[in-house]
Amino acid sequence: MHTSVALWSHPRSMSTALERSFMERGDFKVFHEAFAYVYFMHEERADIPHKNPDPAHPRTYPDVREMMERARPERPVFHKDFPYHALDHLLADPEYLLGQVNTFLIRDPEEAVLSHATVHPGVTREVLGYQQLARLFDAVRELTGMTPTVINAADLARDPGGTIAAYCDAAGIPFVPEALTWSAGERAEWSTWSGWHTDVTSSSGFQRPERKYRFSYEEAPHLRAFADYCRPFYEHLDRFRIQPAMEAAQ
């Protein structure tokens, strides 16, 4: 059975850029937010813009899990998702969590909340994802007795090579420098949520997200309250972030 690397994050965290890098590697089968079908389509817990579901995609937690696990005999698996999509299911399934390498990516909510509201003006606190991300991190840490790998989007934008090298080393997989860049364009894996990924679709490598937001905190004070709510969860995980490889060697 090949390895499975899970990237757990929250929306607007540069997670799709990291996923795009794994697509470029070519040695992993990559799954894009497969558990979102549980939250948005099967259980219908919230509405979301830019949704174009694949009618053939599995929608229940057991079926989504099985789909990804079925790929592992053939090749390693990388799946990127947000814990809020299936948190109760994940916490009740320690076997699944123990059977993979769980890694985490965070971005400062000061930026991520405004970025989220730009794409989804009706964003609610629940789908920002920080609280659920911290809960899963703590659960994995307790379950394994080890601190999971955490990287920060600021490091990924500033030093993609060093950050990905450190990430791969921590995950126990080879670092592939050639996968730091790619050809711009839409990927079939993103078709369900294509409106969310315009930045990475137009990119050819890791770059700092542009701060072109639809709202400001002054104009939308409820977003300020959202960012303040998310900050303790962000800071909790940020305490454990690994440093890019060159910095860690200094």
# chains A, B, ... in the order shown; residues from 1 in each chain; ligands from 1
call {"tool": "residues_around", "arguments": {"residues": "segment 97-105 of chain A", "least_positions_apart": "2", "cutoff": "6 Å", "atoms": "only C-alpha atoms", "output": "PyMOL selection string"}}
result
chain A and resi 4-9+94-95+148-152
call {"tool": "closest_atom_pairs", "arguments": {"of": "segment 21-107 of chain A", "to": "segment 171-182 of chain A", "cutoff": "7 Å", "atoms": "only C-alpha atoms", "output": "tab-separated table"}}
result
residue	atom	partner	partner_atom	distance
A:Ser21	CA	A:Ala179	CA	5.2
A:Glu24	CA	A:Ala179	CA	5.2
A:Arg25	CA	A:Ala179	CA	5.3
A:Val101	CA	A:Ala171	CA	6.5
call {"tool": "residues_around", "arguments": {"residues": "segment 34-36 of chain A", "least_positions_apart": "4", "cutoff": "9 Å", "atoms": "only C-alpha atoms", "output": "list of chain:residue names"}}
result
A:Phe40, A:Met41, A:His57, A:Pro58, A:Arg59, A:Thr60, A:Tyr61, A:Val64, A:Arg65, A:Met68, A:His79, A:Lys80, A:Asp81, A:Phe82, A:Pro83, A:Tyr84, A:His85, A:Ala86
call {"tool": "select_by_dssp", "arguments": {"residues": "segment 7-236 of chain A", "states": "helix (DSSP H, G or I)", "output": "PyMOL selection string"}}
result
chain A and resi 15-25+36-42+61-70+83-85+87-91+94-98+109-119+125-128+130-144+153-158+160-171+177-180+188-196+198-201+221-236
call {"tool": "closest_atom_pairs", "arguments": {"of": "segment 96-199 of chain A", "to": "segment 226-246 of chain A", "cutoff": "8 Å", "atoms": "only C-alpha atoms", "output": "JSON lines"}}
result
{"residue": "A:Ile106", "atom": "CA", "partner": "A:Tyr234", "partner_atom": "CA", "distance": 6.8}
{"residue": "A:Arg107", "atom": "CA", "partner": "A:Tyr234", "partner_atom": "CA", "distance": 7.6}
{"residue": "A:Asp108", "atom": "CA", "partner": "A:Tyr234", "partner_atom": "CA", "distance": 6.9}
{"residue": "A:Pro109", "atom": "CA", "partner": "A:Ala227", "partner_atom": "CA", "distance": 5.4}
{"residue": "A:Glu110", "atom": "CA", "partner": "A:Ala227", "partner_atom": "CA", "distance": 6.0}
{"residue": "A:Val113", "atom": "CA", "partner": "A:Ala227", "partner_atom": "CA", "distance": 6.2}
{"residue": "A:Arg125", "atom": "CA", "partner": "A:Phe226", "partner_atom": "CA", "distance": 6.0}
{"residue": "A:Leu128", "atom": "CA", "partner": "A:Cys230", "partner_atom": "CA", "distance": 8.0}
{"residue": "A:Tyr130", "atom": "CA", "partner": "A:Cys230", "partner_atom": "CA", "distance": 5.7}
{"residue": "A:Gln131", "atom": "CA", "partner": "A:Phe233", "partner_atom": "CA", "distance": 5.8}
{"residue": "A:Leu133", "atom": "CA", "partner": "A:Phe233", "partner_atom": "CA", "distance": 8.0}
{"residue": "A:Ala134", "atom": "CA", "partner": "A:Phe233", "partner_atom": "CA", "distance": 5.8}
{"residue": "A:Phe137", "atom": "CA", "partner": "A:Leu237", "partner_atom": "CA", "distance": 7.8}
{"residue": "A:Thr147", "atom": "CA", "partner": "A:Phe240", "partner_atom": "CA", "distance": 7.7}
{"residue": "A:Thr149", "atom": "CA", "partner": "A:Ile242", "partner_atom": "CA", "distance": 6.9}
{"residue": "A:Val150", "atom": "CA", "partner": "A:Arg241", "partner_atom": "CA", "distance": 4.5}
{"residue": "A:Ile151", "atom": "CA", "partner": "A:Arg241", "partner_atom": "CA", "distance": 5.0}
{"residue": "A:Asn152", "atom": "CA", "partner": "A:Arg241", "partner_atom": "CA", "distance": 6.5}
{"residue": "A:Asp155", "atom": "CA", "partner": "A:Pro244", "partner_atom": "CA", "distance": 7.0}
{"residue": "A:Asp159", "atom": "CA", "partner": "A:Pro244", "partner_atom": "CA", "distance": 6.9}
{"residue": "A:Gly161", "atom": "CA", "partner": "A:Pro244", "partner_atom": "CA", "distance": 7.8}
{"residue": "A:Gly162", "atom": "CA", "partner": "A:Pro244", "partner_atom": "CA", "distance": 4.3}
{"residue": "A:Thr163", "atom": "CA", "partner": "A:Pro244", "partner_atom": "CA", "distance": 4.0}
{"residue": "A:Ile164", "atom": "CA", "partner": "A:Pro244", "partner_atom": "CA", "distance": 7.4}
{"residue": "A:Ala165", "atom": "CA", "partner": "A:Ala245", "partner_atom": "CA", "distance": 6.0}
{"residue": "A:Ala166", "atom": "CA", "partner": "A:Ala245", "partner_atom": "CA", "distance": 4.9}
{"residue": "A:Tyr167", "atom": "CA", "partner": "A:Ile242", "partner_atom": "CA", "distance": 7.9}
call {"tool": "atom_distance", "arguments": {"atom1": "atom CA of Asp27 of chain A", "atom2": "atom CA of Ala170 of chain A"}}
result
17.7 Å
